[in-house]
Amino acid sequence: MKAVHFGAGNIGRGFVGLILHDAGYELVFADVNAELIDALAASTSYDVHAVGENSSSRTVTNYRALNSGTDEDVVVAEIATADIVTTAVGPNILKFVAPVIARALQARDASLPPLTVMACENAINATDVLKGEIEGRLGDDSAGALGRAVFANTAVDRIVPNQEPGHGLDVTVEDFFEWAIEETPFEGAPPVIPAAHFVPDLAPYIERKLFTVNTGHATVAYHGWVEGATTLADALSVPSVFAEVKAVLEETKALLVAKHEFDPATQEAYLEKNLVRFANPYLTDTPERVGRQPLRKISRHERFIGPAAELAERGLPTDALLRAVAAALRFDAPADPQSAELAGLLDTLTPEEFTVQVTGIEPGHPLHDRLLATVRAAVAFRTPEE
Ligand SMILES: NC(=O)C1=CN([C@@H]2O[C@H](COP(=O)(O)OP(=O)(O)OC[C@H]3O[C@@H](n4cnc5c(N)ncnc54)[C@H](O)[C@@H]3O)[C@@H](O)[C@H]2O)C=CC1
Ligand SMILES: O=P(O)(O)OC[C@H]1O[C@](O)(CO)[C@@H](O)[C@@H]1O
């Protein structure tokens, strides 16, 4: 069995790669980071150290590494004969890997079993987005080539911080992980991935994950950043930050319980577990990493505006989510290009334009006026009166 994985970064090596290796796949990592690919190609193994209450280490072997930027033809040939292709490159990068997969599907022998395609990104239905991009590239040839693949949405959950300089290829990750994959596209013959959890309907899983783990984690990052915290654990130890995170998670819990009929006590236990995960004392994580790409994180269907919009439509409270958005609007990490872009948009667009263009919330929506007030306050904060 062979799996090609795009994105040999934190989640690629520390989660998807590890699980596919443990499932018995020969791995082919594809990445555009030449230094990383060269290091992987020159090695025969790397270690994944899972830290937390149940620490353990695993060694990943039986992999190769290819530069998908310079060796696209070779990557196409590998995918054409693979069983699985996965991505962990970031939702905004899917459009760049789609053409490579499209070419591989065109080249794939129709007698082979279909290629399983799964985007392992923090986004609702990321595989559907990838499929749409592939379809766009295939044009008139789309029906035949798409028929050589099965596309399944997934929800991936494991906290993998940026690795310390000099860490080499080894990855330190939290001990918890969860990989939920929708099972219906496989029509009874899912791929062999024992550590994954195949579910008939992914929507409750991905929304529970994105609106609890990612909403909560990003809330720690943004309020922590405003407080000047340098680690996630430090941020959570600030009582006001902890209170904000708890309040945000109570709001998203109300949505998840109302929408997906989760048991309130079970959801409360899930959010409490996540508060413990965020404060994992064995893992060094930073507000810069967890808050990265604020424009993506405050977009329409993401971890803040997504649940806030649905809560507002149901007449339920959104105050803590809006305070988290207010903190996100103050995120200005120098190494994060979207921070500068965010500041530029706050400085050049009117608050009305910013609200519609960045968050996708139109006038007339029940969230609009309070969100607009949040944006106005952020603009006023940036331009104090003389
Ligand atoms: N790190 C984490 O804790 C988690 C991350 N995720 C998701 O996984 C995805 C990746 O995140 P990380 O691994 O943290 O980021 P990362 O930055 O460590 O890794 C991304 C990798 O993608 C590569 N890449 C960029 N453009 C590419 C292209 N065109 N072709 C091939 N490779 C390309 C980069 O060189 C990098 O090695 C994101 O969507 C993130 O939301 C999901 C759950 C947990
Ligand atoms: O690119 P994103 O969405 O910030 O992804 C990373 C996030 O995913 C998580 O791993 C949670 O699954 C967090 O560690 C982190 O905040």
# chains A, B, ... in the order shown; residues from 1 in each chain; ligands from 1
call {"tool": "residues_near_ligand", "arguments": {"ligand": "ligand 1", "cutoff": "8 Å", "atoms": "only C-alpha atoms and all ligand atoms", "output": "tab-separated table (two decimals) with C-alpha atoms, in the first residue's frame"}}
result
chain	number	residue	atom	x	y	z
A	6	PHE	CA	1.41	16.76	0.60
A	7	GLY	CA	2.90	18.90	3.38
A	8	ALA	CA	5.69	17.36	5.45
A	9	GLY	CA	5.29	19.95	8.22
A	10	ASN	CA	4.05	19.60	11.79
A	11	ILE	CA	0.80	17.73	11.20
A	12	GLY	CA	2.18	15.95	8.13
A	13	ARG	CA	5.06	14.28	9.96
A	30	ALA	CA	5.66	15.85	-1.17
A	31	ASP	CA	6.53	19.40	-0.13
A	32	VAL	CA	7.88	22.61	-1.66
A	33	ASN	CA	10.31	23.28	1.20
A	36	LEU	CA	12.88	19.88	4.56
A	67	ASN	CA	9.96	18.21	-4.00
A	68	SER	CA	6.56	18.87	-5.58
A	69	GLY	CA	7.75	22.30	-6.69
A	87	THR	CA	-2.81	16.91	2.31
A	88	ALA	CA	-1.85	19.00	5.36
A	89	VAL	CA	-0.69	22.18	3.67
A	90	GLY	CA	-3.25	24.74	4.89
A	91	PRO	CA	-6.69	25.38	3.39
A	93	ILE	CA	-2.79	26.03	-0.42
A	94	LEU	CA	-5.20	23.36	-1.71
A	96	PHE	CA	-1.79	24.71	-5.61
A	97	VAL	CA	-1.74	20.94	-5.01
A	120	CYS	CA	-6.54	16.95	6.40
A	121	GLU	CA	-6.93	20.68	7.04
A	122	ASN	CA	-8.70	22.71	9.70
A	123	ALA	CA	-11.69	23.67	7.59
A	156	VAL	CA	-8.08	15.92	12.14
A	157	ASP	CA	-7.25	16.78	15.72
A	158	ARG	CA	-3.83	16.77	17.33
A	159	ILE	CA	-1.93	19.77	18.69
A	160	VAL	CA	1.44	19.88	16.97
A	161	PRO	CA	3.33	23.10	17.80
A	162	ASN	CA	6.19	24.50	15.77
call {"tool": "select_by_dssp", "arguments": {"residues": "stretch 29-231 of chain A", "states": "strand (DSSP E)", "output": "PyMOL selection string"}}
result
chain A and resi 29-31+46-51+56-60+63-67+84-87+115-119+149-151+154-157+171-174+178-182+197-199
call {"tool": "closest_residue", "arguments": {"among": "A:Ala189, A:Ala126, A:Leu18, A:Ala265", "to": "ligand 2", "atoms": "only C-alpha atoms and all ligand atoms"}}
result
A:Ala126
call {"tool": "closest_atom_pairs", "arguments": {"of": "stretch 174-237 of chain A", "to": "stretch 295-316 of chain A", "cutoff": "10 Å", "atoms": "only C-alpha atoms", "output": "JSON lines"}}
result
{"residue": "A:Glu207", "atom": "CA", "partner": "A:Arg303", "partner_atom": "CA", "distance": 8.8}
{"residue": "A:Lys209", "atom": "CA", "partner": "A:Arg303", "partner_atom": "CA", "distance": 9.5}
{"residue": "A:Leu210", "atom": "CA", "partner": "A:Arg303", "partner_atom": "CA", "distance": 5.9}
{"residue": "A:Phe211", "atom": "CA", "partner": "A:Arg303", "partner_atom": "CA", "distance": 5.3}
{"residue": "A:Thr212", "atom": "CA", "partner": "A:Arg303", "partner_atom": "CA", "distance": 8.3}
{"residue": "A:Val213", "atom": "CA", "partner": "A:Arg303", "partner_atom": "CA", "distance": 9.1}
{"residue": "A:Asn214", "atom": "CA", "partner": "A:Arg303", "partner_atom": "CA", "distance": 6.4}
{"residue": "A:Thr215", "atom": "CA", "partner": "A:Arg303", "partner_atom": "CA", "distance": 4.9}
{"residue": "A:Gly216", "atom": "CA", "partner": "A:Arg303", "partner_atom": "CA", "distance": 8.7}
{"residue": "A:His217", "atom": "CA", "partner": "A:Arg303", "partner_atom": "CA", "distance": 9.9}
{"residue": "A:Ala218", "atom": "CA", "partner": "A:Lys297", "partner_atom": "CA", "distance": 8.3}
{"residue": "A:Thr219", "atom": "CA", "partner": "A:Phe304", "partner_atom": "CA", "distance": 9.0}
call {"tool": "closest_residue", "arguments": {"among": "A:His5, A:His365, A:Arg292, A:Arg376", "to": "ligand 2", "atoms": "only C-alpha atoms and all ligand atoms"}}
result
A:Arg292
call {"tool": "residues_around", "arguments": {"residues": "A:Ala145", "least_positions_apart": "6", "cutoff": "9 Å", "atoms": "only C-alpha atoms", "output": "list in words"}}
result
Ala102, Arg103, Ala104, Leu105, Gln106, Ala107, Arg108, Ala110, Glu135 and Leu138 of chain A
call {"tool": "atom_distance", "arguments": {"atom1": "atom CA of A:Glu353", "atom2": "atom CA of A:Leu249"}}
result
28.6 Å
